[in-house]
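Q: Below is the file entry_26.cif, with mmCIF, C-alpha atoms.
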data_structure
loop_
_atom_site.label_atom_id
_atom_site.label_comp_id
_atom_site.auth_asym_id
_atom_site.auth_seq_id
_atom_site.Cartn_x
_atom_site.Cartn_y
_atom_site.Cartn_z
CA MET A 1 17.61 37.03 -6.89
CA ALA A 2 19.05 38.40 -10.07
CA GLY A 3 17.52 41.55 -11.37
CA ARG A 4 15.99 42.75 -8.10
CA GLN A 5 16.41 46.49 -7.72
CA THR A 6 17.51 48.19 -4.56
CA GLY A 7 18.13 51.66 -3.15
CA ARG A 8 17.10 54.69 -5.13
CA HIS A 9 16.18 52.54 -8.15
CA ARG A 10 13.34 50.83 -6.30
CA ARG A 11 9.88 52.20 -7.12
CA PRO A 12 6.73 52.06 -4.98
CA ALA A 13 4.54 49.10 -5.90
CA GLU A 14 1.68 51.33 -7.06
CA GLU A 15 3.81 53.62 -9.24
CA GLN A 16 3.29 52.94 -12.92
CA ALA A 17 6.24 52.21 -15.15
CA THR A 18 6.72 53.94 -18.50
CA TYR A 19 7.72 52.32 -21.76
CA ARG A 20 10.85 54.46 -21.82
CA GLU A 21 11.94 52.97 -18.49
CA VAL A 22 11.38 49.47 -19.83
CA PHE A 23 13.35 50.03 -23.03
CA ALA A 24 16.16 51.54 -20.95
CA VAL A 25 16.85 48.02 -19.65
CA GLY A 26 19.40 46.49 -22.02
CA GLU A 27 18.40 42.89 -21.36
CA PHE A 28 14.78 43.67 -22.18
CA ARG A 29 15.84 45.27 -25.46
CA ALA A 30 17.63 42.04 -26.36
CA LEU A 31 14.64 39.88 -25.43
CA TRP A 32 12.23 42.15 -27.28
CA LEU A 33 14.32 42.29 -30.46
CA ALA A 34 14.81 38.52 -30.45
CA GLN A 35 11.06 38.08 -29.93
CA ALA A 36 10.19 40.54 -32.71
CA LEU A 37 12.49 38.69 -35.12
CA SER A 38 10.84 35.39 -34.19
CA PHE A 39 7.36 36.83 -34.72
CA VAL A 40 8.28 38.21 -38.14
CA GLY A 41 9.94 34.96 -39.14
CA ASP A 42 6.96 32.90 -37.95
CA GLN A 43 4.51 34.95 -40.00
CA LEU A 44 6.73 34.71 -43.06
CA ALA A 45 7.15 30.94 -42.68
CA GLN A 46 3.41 30.43 -42.17
CA VAL A 47 2.62 32.06 -45.51
CA ALA A 48 5.56 30.37 -47.26
CA LEU A 49 4.58 26.90 -46.05
CA ALA A 50 0.94 27.39 -47.01
CA VAL A 51 1.91 28.48 -50.54
CA LEU A 52 4.57 25.78 -50.85
CA VAL A 53 2.33 22.91 -49.74
CA TYR A 54 -0.66 24.03 -51.80
CA HIS A 55 1.39 24.47 -54.96
CA ARG A 56 3.08 21.08 -54.52
CA THR A 57 -0.02 19.07 -53.52
CA ASP A 58 -2.92 21.14 -54.91
CA SER A 59 -4.78 20.03 -51.77
CA ALA A 60 -6.57 22.38 -49.40
CA LEU A 61 -6.77 19.54 -46.85
CA LEU A 62 -3.01 18.96 -46.77
CA THR A 63 -2.46 22.70 -46.55
CA ALA A 64 -4.80 22.80 -43.54
CA VAL A 65 -2.94 19.84 -41.99
CA THR A 66 0.31 21.78 -42.26
CA TYR A 67 -1.32 24.78 -40.59
CA ALA A 68 -2.73 22.55 -37.82
CA LEU A 69 0.79 21.40 -37.03
CA THR A 70 1.47 24.87 -35.63
CA TYR A 71 -1.06 24.11 -32.87
CA LEU A 72 -0.44 20.44 -32.16
CA PRO A 73 3.20 20.29 -30.94
CA PRO A 74 2.84 22.74 -28.03
CA ILE A 75 -0.31 20.93 -26.90
CA VAL A 76 1.34 17.50 -27.04
CA GLY A 77 4.83 18.33 -25.83
CA GLY A 78 4.59 21.80 -24.35
CA PRO A 79 3.92 20.89 -20.71
CA VAL A 80 6.78 18.36 -20.77
CA LEU A 81 9.49 20.27 -22.66
CA SER A 82 8.71 23.53 -20.88
CA GLY A 83 10.29 21.99 -17.79
CA LEU A 84 13.67 22.36 -19.52
CA ALA A 85 13.42 26.06 -18.67
CA ASP A 86 13.62 25.13 -14.98
CA LEU A 87 16.24 22.40 -15.24
CA PHE A 88 18.76 24.31 -17.39
CA PRO A 89 19.87 27.96 -17.54
CA ARG A 90 17.08 29.77 -19.35
CA ARG A 91 19.42 31.78 -21.57
CA THR A 92 21.02 28.52 -22.71
CA VAL A 93 17.62 26.95 -23.42
CA MET A 94 16.61 29.90 -25.62
CA ILE A 95 19.88 29.97 -27.56
CA VAL A 96 19.93 26.21 -28.19
CA CYS A 97 16.29 26.24 -29.32
CA ASP A 98 17.00 29.13 -31.71
CA VAL A 99 20.03 27.38 -33.22
CA LEU A 100 18.14 24.10 -33.67
CA ARG A 101 15.16 25.86 -35.24
CA ALA A 102 17.45 27.76 -37.59
CA CYS A 103 18.95 24.44 -38.74
CA LEU A 104 15.56 22.77 -39.23
CA VAL A 105 14.07 25.66 -41.22
CA ALA A 106 17.25 25.95 -43.29
CA LEU A 107 16.86 22.26 -44.13
CA MET A 108 13.32 22.95 -45.37
CA ALA A 109 14.65 25.78 -47.53
CA LEU A 110 17.59 23.85 -49.01
CA VAL A 111 16.18 20.35 -49.53
CA GLU A 112 13.04 19.53 -51.50
CA MET A 113 11.44 16.72 -49.54
CA PRO A 114 8.18 14.75 -49.55
CA PHE A 115 5.16 16.06 -47.71
CA ALA A 116 5.62 13.69 -44.75
CA GLY A 117 9.21 14.85 -44.25
CA LEU A 118 8.17 18.48 -44.42
CA CYS A 119 5.47 17.86 -41.80
CA LEU A 120 8.02 16.19 -39.54
CA LEU A 121 10.34 19.20 -39.74
CA VAL A 122 7.46 21.63 -39.15
CA PHE A 123 6.37 19.61 -36.11
CA ALA A 124 9.90 19.58 -34.65
CA THR A 125 10.42 23.29 -35.31
CA VAL A 126 7.19 24.30 -33.59
CA LEU A 127 7.83 21.85 -30.75
CA LEU A 128 11.13 23.59 -29.95
CA GLY A 129 9.17 26.79 -29.50
CA ALA A 130 7.62 25.41 -26.28
CA PRO A 131 10.81 25.42 -24.15
CA PHE A 132 11.94 28.66 -25.80
CA THR A 133 8.69 30.46 -24.93
CA ALA A 134 8.67 29.05 -21.40
CA ALA A 135 12.28 30.14 -20.84
CA ARG A 136 11.65 33.64 -22.19
CA ALA A 137 8.51 34.07 -20.08
CA ALA A 138 10.33 32.78 -16.99
CA VAL A 139 13.37 35.05 -17.41
CA LEU A 140 11.39 38.24 -18.09
CA PRO A 141 10.52 38.77 -14.38
CA ASP A 142 14.26 38.55 -13.63
CA VAL A 143 14.87 41.37 -16.09
CA LEU A 144 11.87 43.59 -15.23
CA GLU A 145 10.50 44.05 -11.71
CA GLY A 146 7.07 45.15 -10.51
CA ASP A 147 5.09 47.31 -12.91
CA ARG A 148 7.97 47.33 -15.36
CA TYR A 149 7.10 43.70 -15.95
CA VAL A 150 3.50 44.65 -16.80
CA ALA A 151 4.68 47.40 -19.16
CA GLY A 152 7.15 44.98 -20.76
CA SER A 153 4.41 42.38 -21.19
CA ALA A 154 2.22 45.04 -22.82
CA ILE A 155 5.03 45.89 -25.23
CA ASN A 156 5.49 42.22 -26.09
CA ASN A 157 1.75 41.78 -26.58
CA MET A 158 1.48 44.82 -28.84
CA THR A 159 4.48 43.62 -30.83
CA HIS A 160 2.89 40.22 -31.28
CA GLN A 161 -0.49 41.58 -32.33
CA GLY A 162 1.10 44.18 -34.58
CA THR A 163 3.13 41.58 -36.45
CA GLN A 164 0.08 39.35 -36.66
CA THR A 165 -2.00 42.19 -38.12
CA LEU A 166 0.55 43.09 -40.78
CA GLY A 167 2.21 39.70 -41.15
CA ALA A 168 -0.15 38.09 -43.64
CA LEU A 169 -0.03 41.01 -46.08
CA VAL A 170 3.72 41.63 -45.81
CA GLY A 171 4.51 37.90 -45.73
CA GLY A 172 2.45 37.27 -48.85
CA THR A 173 4.21 40.10 -50.64
CA ILE A 174 7.66 38.81 -49.69
CA VAL A 175 6.82 35.24 -50.70
CA GLY A 176 5.44 36.52 -54.00
CA VAL A 177 8.65 38.46 -54.70
CA VAL A 178 11.38 36.08 -53.51
CA GLY A 179 9.65 32.66 -53.53
CA SER A 180 8.68 30.14 -50.85
CA TYR A 181 12.07 28.50 -50.35
CA GLU A 182 13.82 31.86 -50.16
CA ALA A 183 11.27 33.04 -47.59
CA LEU A 184 12.03 29.97 -45.48
CA ALA A 185 15.72 30.83 -45.72
CA ILE A 186 14.91 34.30 -44.36
CA ASP A 187 13.00 32.67 -41.51
CA ALA A 188 16.04 30.52 -40.68
CA LEU A 189 18.15 33.68 -40.65
CA THR A 190 15.80 35.34 -38.13
CA PHE A 191 16.30 32.41 -35.74
CA GLY A 192 20.07 32.69 -36.13
CA LEU A 193 20.01 36.44 -35.49
CA SER A 194 17.81 35.89 -32.44
CA ALA A 195 20.40 33.50 -30.99
CA VAL A 196 23.22 36.00 -31.61
CA ILE A 197 21.24 38.79 -29.93
CA LEU A 198 20.58 36.62 -26.87
CA VAL A 199 24.25 35.64 -26.61
CA GLY A 200 25.32 39.27 -26.56
CA GLY A 201 22.39 40.93 -24.80
CA LEU A 202 21.23 38.55 -22.05
CA ARG A 203 23.53 37.76 -19.17
CA PRO A 204 23.91 34.16 -17.95
CA ARG A 205 21.90 33.01 -14.94
CA ALA A 206 22.14 29.73 -13.08
CA ALA A 207 19.51 27.06 -13.54
CA PRO A 208 16.69 27.51 -10.99
CA LYS A 209 16.84 23.82 -10.01
CA ARG A 210 19.99 21.90 -9.19
CA ARG A 211 19.60 18.71 -11.20
CA GLU A 212 22.34 16.87 -9.30
CA ARG A 213 20.42 17.19 -6.04
CA GLU A 214 16.84 17.09 -7.20
CA SER A 215 17.16 14.65 -10.14
CA LEU A 216 13.84 15.76 -11.60
CA GLY A 217 12.74 14.08 -14.82
CA LEU A 218 10.65 15.97 -17.34
CA TRP A 219 7.53 13.89 -16.72
CA ARG A 220 7.83 14.32 -12.98
CA GLY A 221 8.41 18.03 -13.53
CA THR A 222 5.24 18.20 -15.63
CA ARG A 223 3.27 16.55 -12.84
CA ASP A 224 4.75 18.92 -10.27
CA GLY A 225 3.94 21.91 -12.49
CA ALA A 226 0.32 20.83 -12.83
CA ARG A 227 0.09 20.25 -9.08
CA LEU A 228 1.61 23.68 -8.42
CA VAL A 229 -0.81 25.56 -10.68
CA LEU A 230 -4.01 23.58 -10.25
CA GLY A 231 -3.51 22.97 -6.53
CA ASP A 232 -3.35 26.65 -5.60
CA PRO A 233 -6.65 28.60 -5.71
CA VAL A 234 -5.04 31.84 -6.90
CA LEU A 235 -2.97 30.23 -9.65
CA ARG A 236 -5.92 28.08 -10.66
CA SER A 237 -8.15 31.14 -10.99
CA LEU A 238 -5.55 33.11 -12.94
CA VAL A 239 -4.85 30.33 -15.40
CA ALA A 240 -8.60 29.89 -15.93
CA PHE A 241 -8.78 33.59 -16.91
CA ALA A 242 -5.96 32.94 -19.38
CA TRP A 243 -7.76 29.94 -20.89
CA LEU A 244 -10.93 32.01 -21.37
CA CYS A 245 -9.46 33.10 -24.72
CA ALA A 246 -10.81 29.82 -26.17
CA PHE A 247 -14.16 31.63 -26.55
CA TYR A 248 -13.18 35.02 -27.89
CA VAL A 249 -10.66 33.59 -30.38
CA VAL A 250 -13.55 32.03 -32.34
CA PRO A 251 -14.15 35.08 -34.62
CA GLU A 252 -10.60 34.97 -35.96
CA GLY A 253 -11.00 31.30 -36.85
CA LEU A 254 -14.25 32.05 -38.69
CA ALA A 255 -13.05 35.15 -40.55
CA ALA A 256 -13.26 33.56 -44.01
CA PRO A 257 -16.81 32.11 -43.72
CA TYR A 258 -17.92 35.30 -41.94
CA ALA A 259 -16.57 37.39 -44.84
CA ALA A 260 -18.61 35.22 -47.20
CA THR A 261 -21.77 36.64 -45.61
CA PHE A 262 -20.71 40.02 -47.04
CA ASP A 263 -18.73 40.01 -50.29
CA GLY A 264 -16.27 37.21 -49.54
CA SER A 265 -13.33 39.23 -50.85
CA PRO A 266 -9.77 38.76 -49.51
CA VAL A 267 -9.87 42.39 -48.36
CA THR A 268 -12.89 41.67 -46.15
CA VAL A 269 -11.20 38.57 -44.75
CA GLY A 270 -8.12 40.65 -43.94
CA LEU A 271 -10.20 43.36 -42.28
CA LEU A 272 -11.98 40.84 -40.09
CA MET A 273 -8.76 39.04 -39.12
CA SER A 274 -7.08 42.32 -38.18
CA ALA A 275 -9.97 43.73 -36.11
CA MET A 276 -9.31 41.83 -32.87
CA PRO A 277 -5.48 42.18 -32.94
CA THR A 278 -5.91 45.91 -33.52
CA GLY A 279 -8.24 46.15 -30.53
CA MET A 280 -5.75 44.16 -28.46
CA VAL A 281 -2.98 46.63 -29.27
CA PHE A 282 -5.05 49.62 -28.16
CA GLY A 283 -6.42 47.78 -25.13
CA ALA A 284 -2.95 46.74 -23.97
CA PHE A 285 -1.66 50.29 -24.36
CA LEU A 286 -4.54 51.92 -22.47
CA PHE A 287 -4.71 49.28 -19.75
CA SER A 288 -0.98 49.36 -19.02
CA ARG A 289 -0.50 53.12 -19.25
CA PHE A 290 -3.63 54.59 -17.63
CA VAL A 291 -4.83 52.02 -15.06
CA ARG A 292 -3.04 51.69 -11.74
CA PRO A 293 -1.60 48.24 -10.91
CA ALA A 294 -4.08 47.43 -8.12
CA ASN A 295 -7.05 48.59 -10.21
CA ARG A 296 -6.03 46.25 -13.01
CA LEU A 297 -6.68 43.34 -10.69
CA ARG A 298 -9.96 44.87 -9.51
CA PHE A 299 -11.16 45.37 -13.09
CA MET A 300 -9.92 42.01 -14.38
CA GLY A 301 -13.26 40.23 -14.01
CA TRP A 302 -15.18 43.03 -15.72
CA MET A 303 -12.60 43.19 -18.51
CA SER A 304 -12.84 39.44 -19.11
CA MET A 305 -16.61 39.80 -19.53
CA ALA A 306 -16.02 42.76 -21.86
CA ALA A 307 -13.87 40.48 -24.03
CA CYS A 308 -16.87 38.20 -24.62
CA LEU A 309 -19.90 40.50 -24.45
CA PRO A 310 -19.40 42.31 -27.82
CA LEU A 311 -19.46 38.99 -29.66
CA VAL A 312 -23.08 38.46 -28.62
CA GLY A 313 -23.94 41.34 -30.96
CA ALA A 314 -23.13 39.16 -33.96
CA GLY A 315 -26.52 37.54 -33.43
CA VAL A 316 -28.32 40.62 -34.78
CA HIS A 317 -26.34 40.46 -38.06
CA PRO A 318 -24.78 43.95 -38.01
CA PRO A 319 -23.17 45.48 -41.12
CA LEU A 320 -19.46 45.02 -41.76
CA TRP A 321 -18.41 48.19 -39.95
CA GLY A 322 -20.44 47.07 -36.92
CA VAL A 323 -18.80 43.64 -36.91
CA LEU A 324 -15.35 45.24 -37.08
CA ALA A 325 -16.22 47.55 -34.18
CA LEU A 326 -17.57 44.70 -32.05
CA TRP A 327 -14.53 42.50 -32.68
CA ALA A 328 -12.16 45.39 -31.94
CA LEU A 329 -13.97 46.01 -28.63
CA SER A 330 -13.60 42.34 -27.78
CA GLY A 331 -9.88 42.64 -28.48
CA MET A 332 -9.62 45.65 -26.16
CA GLY A 333 -11.35 43.73 -23.38
CA SER A 334 -8.78 40.95 -23.63
CA ALA A 335 -6.17 43.34 -22.20
CA TYR A 336 -7.12 41.90 -18.79
CA GLN A 337 -4.60 39.17 -19.65
CA LEU A 338 -1.83 41.63 -18.71
CA ALA A 339 -3.09 41.78 -15.12
CA ALA A 340 -3.60 38.01 -14.96
CA ASN A 341 -0.09 37.45 -16.27
CA ALA A 342 1.52 39.81 -13.75
CA ALA A 343 -0.37 38.26 -10.82
CA PHE A 344 0.54 34.78 -12.07
CA VAL A 345 4.24 35.69 -12.10
CA ALA A 346 4.04 37.12 -8.58
CA ALA A 347 2.43 33.93 -7.26
CA VAL A 348 4.69 31.32 -8.89
CA PRO A 349 8.01 30.42 -7.21
CA PRO A 350 10.92 31.25 -9.56
CA SER A 351 12.07 27.61 -9.61
CA GLY A 352 8.73 26.51 -11.09
CA ARG A 353 8.13 29.31 -13.56
CA GLY A 354 9.04 27.35 -16.68
CA GLN A 355 6.68 24.47 -15.86
CA ALA A 356 3.88 26.83 -14.80
CA PHE A 357 4.14 29.00 -17.91
CA GLY A 358 4.40 25.92 -20.10
CA LEU A 359 1.19 24.48 -18.65
CA ALA A 360 -0.64 27.79 -19.05
CA GLN A 361 0.57 28.28 -22.63
CA SER A 362 -0.30 24.73 -23.66
CA GLY A 363 -3.77 25.17 -22.20
CA ILE A 364 -4.20 28.40 -24.18
CA LEU A 365 -3.19 26.73 -27.44
CA ALA A 366 -5.33 23.67 -26.76
CA GLY A 367 -8.33 25.85 -25.95
CA GLN A 368 -7.86 27.96 -29.07
CA GLY A 369 -7.44 24.95 -31.33
CA LEU A 370 -10.43 23.12 -29.84
CA GLY A 371 -12.57 26.26 -29.83
CA ILE A 372 -11.90 26.97 -33.50
CA LEU A 373 -12.46 23.30 -34.41
CA VAL A 374 -15.84 23.13 -32.64
CA ALA A 375 -16.87 26.53 -34.01
CA GLY A 376 -15.95 25.47 -37.54
CA ALA A 377 -18.07 22.34 -37.28
CA ALA A 378 -21.00 24.29 -35.82
CA THR A 379 -20.76 26.90 -38.57
CA GLN A 380 -21.62 24.23 -41.14
CA VAL A 381 -25.05 23.96 -39.49
CA LEU A 382 -25.77 27.30 -37.82
CA GLY A 383 -23.83 29.88 -39.81
CA PRO A 384 -20.92 32.06 -38.63
CA GLN A 385 -22.95 34.88 -37.06
CA THR A 386 -24.87 32.51 -34.79
CA VAL A 387 -21.74 30.61 -33.80
CA VAL A 388 -19.83 33.79 -32.91
CA ALA A 389 -22.82 35.00 -30.86
CA LEU A 390 -23.03 31.66 -29.04
CA ALA A 391 -19.29 31.77 -28.31
CA GLY A 392 -19.87 35.20 -26.78
CA VAL A 393 -22.78 33.98 -24.64
CA VAL A 394 -20.93 30.93 -23.32
CA GLY A 395 -17.72 32.90 -22.80
CA LEU A 396 -19.61 35.64 -20.96
CA SER A 397 -21.19 33.06 -18.65
CA VAL A 398 -17.84 31.45 -17.87
CA ALA A 399 -16.22 34.87 -17.34
CA ALA A 400 -18.98 35.85 -14.92
CA MET A 401 -18.44 32.68 -12.87
CA LEU A 402 -14.68 33.24 -12.84
CA SER A 403 -15.22 36.83 -11.74
CA LEU A 404 -17.40 35.79 -8.81
CA SER A 405 -14.72 33.42 -7.51
CA TRP A 406 -11.98 35.96 -8.22
CA ASN A 407 -13.76 38.61 -6.16
CA GLN A 408 -13.40 36.34 -3.13
CA ILE A 409 -9.60 36.17 -3.32
CA ARG A 410 -8.45 39.28 -5.18
CA GLY A 411 -8.10 41.37 -1.99
CA GLY A 412 -5.33 39.13 -0.68
CA VAL A 413 -3.61 39.11 -4.07
CA ILE A 414 -3.71 42.90 -4.33
CA SER A 415 -2.35 43.41 -0.83
CA GLY A 416 0.33 40.79 -1.45
CA MET A 417 1.51 42.44 -4.66
CA THR A 418 1.58 45.96 -3.22
CA GLU A 419 3.40 45.25 0.05
CA PRO A 420 7.07 46.26 0.20
CA ALA A 421 9.42 43.62 -1.16
CA ALA A 422 10.82 41.18 1.37
CA PRO A 423 14.59 40.84 1.77
CA VAL A 424 16.16 38.48 -0.74
CA GLU A 425 17.09 35.87 1.89
CA VAL A 426 13.54 35.70 3.26
CA ALA A 427 11.96 35.48 -0.20
CA ALA A 428 14.37 32.73 -1.20
CA SER A 429 13.57 30.65 1.87
CA ARG A 430 9.84 31.02 1.29
CA ASP A 431 10.18 29.94 -2.34
CA GLU A 432 12.09 26.85 -1.29
CA ASP A 433 10.02 25.84 1.72
CA LEU A 434 6.51 26.81 0.65
CA PRO A 435 6.05 26.23 -3.09
CA GLY A 436 2.73 27.46 -4.43
CA ILE A 437 2.06 29.89 -1.56
CA ARG A 438 1.36 33.46 -2.70
CA ARG A 439 4.45 35.55 -2.26
CA SER A 440 4.12 39.00 -0.74
CA ALA A 441 7.17 40.25 -2.62
CA PRO A 442 6.83 41.47 -6.19
CA ALA A 443 7.82 39.10 -8.95
CA PRO A 444 11.58 38.62 -9.01
#
Taking this structure as input, can you express it in the form of structure tokens?

A:
Amino acid sequence: MAGRQTGRHRRPAEEQATYREVFAVGEFRALWLAQALSFVGDQLAQVALAVLVYHRTDSALLTAVTYALTYLPPIVGGPVLSGLADLFPRRTVMIVCDVLRACLVALMALVEMPFAGLCLLVFATVLLGAPFTAARAAVLPDVLEGDRYVAGSAINNMTHQGTQTLGALVGGTIVGVVGSYEALAIDALTFGLSAVILVGGLRPRAAPKRRERESLGLWRGTRDGARLVLGDPVLRSLVAFAWLCAFYVVPEGLAAPYAATFDGSPVTVGLLMSAMPTGMVFGAFLFSRFVRPANRLRFMGWMSMAACLPLVGAGVHPPLWGVLALWALSGMGSAYQLAANAAFVAAVPPSGRGQAFGLAQSGILAGQGLGILVAGAATQVLGPQTVVALAGVVGLSVAAMLSLSWNQIRGGVISGMTEPAAPVEVAASRDEDLPGIRRSAPAP
């Protein structure tokens, strides 16, 4: 298995990795830089498209439709197209997706088109993100082993949340200075640079599945991915923890109506929208740097409840500083996702990673979109404070049930992840003969 370390470079399973060790890996630096460029470009394009559509149509509804298109494609096509990351070399999938997205966004920047045509290009651009994300998630365990993978995931998470926190302000400034079409051109450039970085910084790896022998279609691969994840009790439990975010994402979706209960200013909206991402950054840093790998799995249930519990406090109508503190605490609690992600990687056979990650990611996006939609409708009747509190109560109840079932199986997962790595030949035969069985070796 590519990327597996041997000899003096191997670390004990319980030894924590440092960020310096992670950034010392050249392939990770390439993946991280390409990801950071994509995040920055996505934030810039989101603002540019909102401004462009609103100015051209003068319709808040059509502007919201354009924003909704950033959720819909991964939900509709994500589980299917993510299988490309298992059927083709993952480096190739990422590069091709970047090049195609660069062309589509460049077309938006160069050609003034009707609203329907713009929506079609937005849909296709976001849809190509599904196989790209699945391929990147599937190749990361090949680049980083053991706790380095957790530290790398924490870095990626902090990068994402950091760009999300600052993206709206910086993106709005850039769009105001250079214009919407020019901002889209910059976004196209970030996709092109990402492809160049991946060509030079990520070494080629063979496709996990041999298409000539297996002849797997994408729909069959989607079915197999669902069977792999949902048919295994450990994977099913871990993906349920990931989908729990549908409850604690509600405050971000209600930031504007919640701000209206104070002064309704754009500054207040920005403060509320940045509270949870800021908490996530700190939570990811503390959880990955100061909690031992096995303890992360032991604390995962409690942390998932901590992600929902602070939201219940919205029911007492605290002042603005109290709301910001509660939402930041919820963001810190969501750091349990790092442990769930690492355990998920260790349990999924390498040949099915793309499908498994695609299913998990599509479920996350579907849950977030549905959660925000239901919460928005309920806010019309109950008000934002009550809805956020109810999301916390329901999320806390679900997290408690997940934790009870997790406590029954976590011992085997912990022992499996901390045992010494099996020889490559043995691990390979187990992956091929027993798909879906928890692997005792660390993630490849």

Q: What are the nearest atom pairs, with distances in Å to one decimal, for all residues of region 175-265 of chain A that come at most 8 Å from region 381-403 of chain A, using all atoms listed in the file, set out by chain and rising residue number as CSV?

A:
residue,atom,partner,partner_atom,distance
A:Ser237,CA,A:Leu402,CA,7.1
A:Ala240,CA,A:Leu402,CA,7.6
A:Phe241,CA,A:Leu402,CA,7.2
A:Leu244,CA,A:Gly395,CA,7.0
A:Phe247,CA,A:Gly395,CA,5.3
A:Tyr248,CA,A:Gly392,CA,6.8
A:Val250,CA,A:Val388,CA,6.5
A:Pro251,CA,A:Val388,CA,6.1
A:Leu254,CA,A:Pro384,CA,6.7
A:Pro257,CA,A:Pro384,CA,6.5
A:Tyr258,CA,A:Pro384,CA,5.5

Q: Which residue, A:Ala343, A:Val105, A:Met113, A:Ala34, has the smallest gap to Ala294 (chain A) when you use only C-alpha atoms?

A: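 Of A:Ala343, A:Val105, A:Met113, A:Ala34, the one nearest Ala294 (chain A), counting only C-alpha atoms, is A:Ala343.
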
Q: In Å, how far is it from CA of Phe23 (chain A) to CA of Ser153 (chain A)?

A: 11.9 Å

Q: Quick one: what's the axis-aligned box for region 368-383 of chain A, all listed atoms, 3 Å on every side, centre and edges in Å to one decimal, as AutoDock Vina command-line options?

A:
--center_x -16.6 --center_y 26.1 --center_z -35.1 --size_x 24.3 --size_y 13.5 --size_z 18.1

Q: Calculated over all atoms listed in the file, which of the candidates A:Ala375, A:Leu320, A:Ala17, A:Met300 has the smallest distance to Tyr149 (chain A)?

A: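 So, comparing all the options, the nearest one is A:Ala17.
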
Q: What does the structure give for the distance between CA of Ala135 (chain A) and CA of Leu31 (chain A), in Å to one decimal?

A: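 So the two atoms, CA of Ala135 (chain A) and CA of Leu31 (chain A), lie 11.0 Å apart.
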
Q: Between A:Gly411, A:Gly129, A:Gly264, A:Pro350, which residue has the minimum interatomic distance to Ala206 (chain A), considering all atoms listed in the file?

A: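 Of A:Gly411, A:Gly129, A:Gly264, A:Pro350, the one nearest Ala206 (chain A), counting all atoms listed in the file, is A:Pro350.
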
Q: Would you list the contacts of Gly371 (chain A) as a short mmCIF file (atom, residue, chain, number, x, y, z; two decimals) with C-alpha atoms, in the frame of the given file, taking every protein, DNA or RNA residue within 10 Å and counting all atoms listed in the file, but skipping same-chain residues closer than 2 positions in sequence?

A:
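Below is the file around.cif, written as the result:
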data_model
loop_
_atom_site.label_atom_id
_atom_site.label_comp_id
_atom_site.auth_asym_id
_atom_site.auth_seq_id
_atom_site.Cartn_x
_atom_site.Cartn_y
_atom_site.Cartn_z
CA CYS A 245 -9.46 33.10 -24.72
CA ALA A 246 -10.81 29.82 -26.17
CA PHE A 247 -14.16 31.63 -26.55
CA TYR A 248 -13.18 35.02 -27.89
CA VAL A 249 -10.66 33.59 -30.38
CA VAL A 250 -13.55 32.03 -32.34
CA GLY A 253 -11.00 31.30 -36.85
CA LEU A 365 -3.19 26.73 -27.44
CA ALA A 366 -5.33 23.67 -26.76
CA GLY A 367 -8.33 25.85 -25.95
CA GLN A 368 -7.86 27.96 -29.07
CA GLY A 369 -7.44 24.95 -31.33
CA LEU A 373 -12.46 23.30 -34.41
CA VAL A 374 -15.84 23.13 -32.64
CA ALA A 375 -16.87 26.53 -34.01
CA GLY A 376 -15.95 25.47 -37.54
CA ALA A 391 -19.29 31.77 -28.31
#

Q: Anything within 9 Å of (15.8, 33.0, -31.2): list those residues as a ChimeraX atom specification, counting only C-alpha atoms and sticking to the file's coordinates.

A: /A:34-35,37-38,94-99,101-102,132,190-198

Q: Looking at all atoms listed in the file, which of A:Leu286, A:Gln43, A:Trp327, A:Val177 is the one that sits closest to Ala255 (chain A)?

A: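 Looking at the shortest contact to Ala255 (chain A), the residue is A:Trp327.
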
Q: May I have the residues within 12 Å of region 110-112 of chain A as a PyMOL selection string, using only C-alpha atoms and disregarding those fewer than 4 positions away in the same chain?

A: chain A and resi 52-53+56+103-106+116-118+121+180-186+188

Q: If I take CA of Arg205 (chain A) and CA of Gln337 (chain A), how far is one from the other in Å, to one decimal?

A: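 Atom-to-atom, CA of Arg205 (chain A) and CA of Gln337 (chain A) are spaced 27.6 Å apart.
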
Q: Between A:Thr57, A:Gly322, A:Ala138, A:Gln46, single out the one closest to Phe115 (chain A), counting all atoms listed in the file.

A: A:Thr57

Q: When you count all atoms listed in the file, which of these residues is closest to Ala30 (chain A): A:Val143, A:Leu338, A:Met108, A:Leu238?

A: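 Of all the options, A:Val143 lies closest to Ala30 (chain A).
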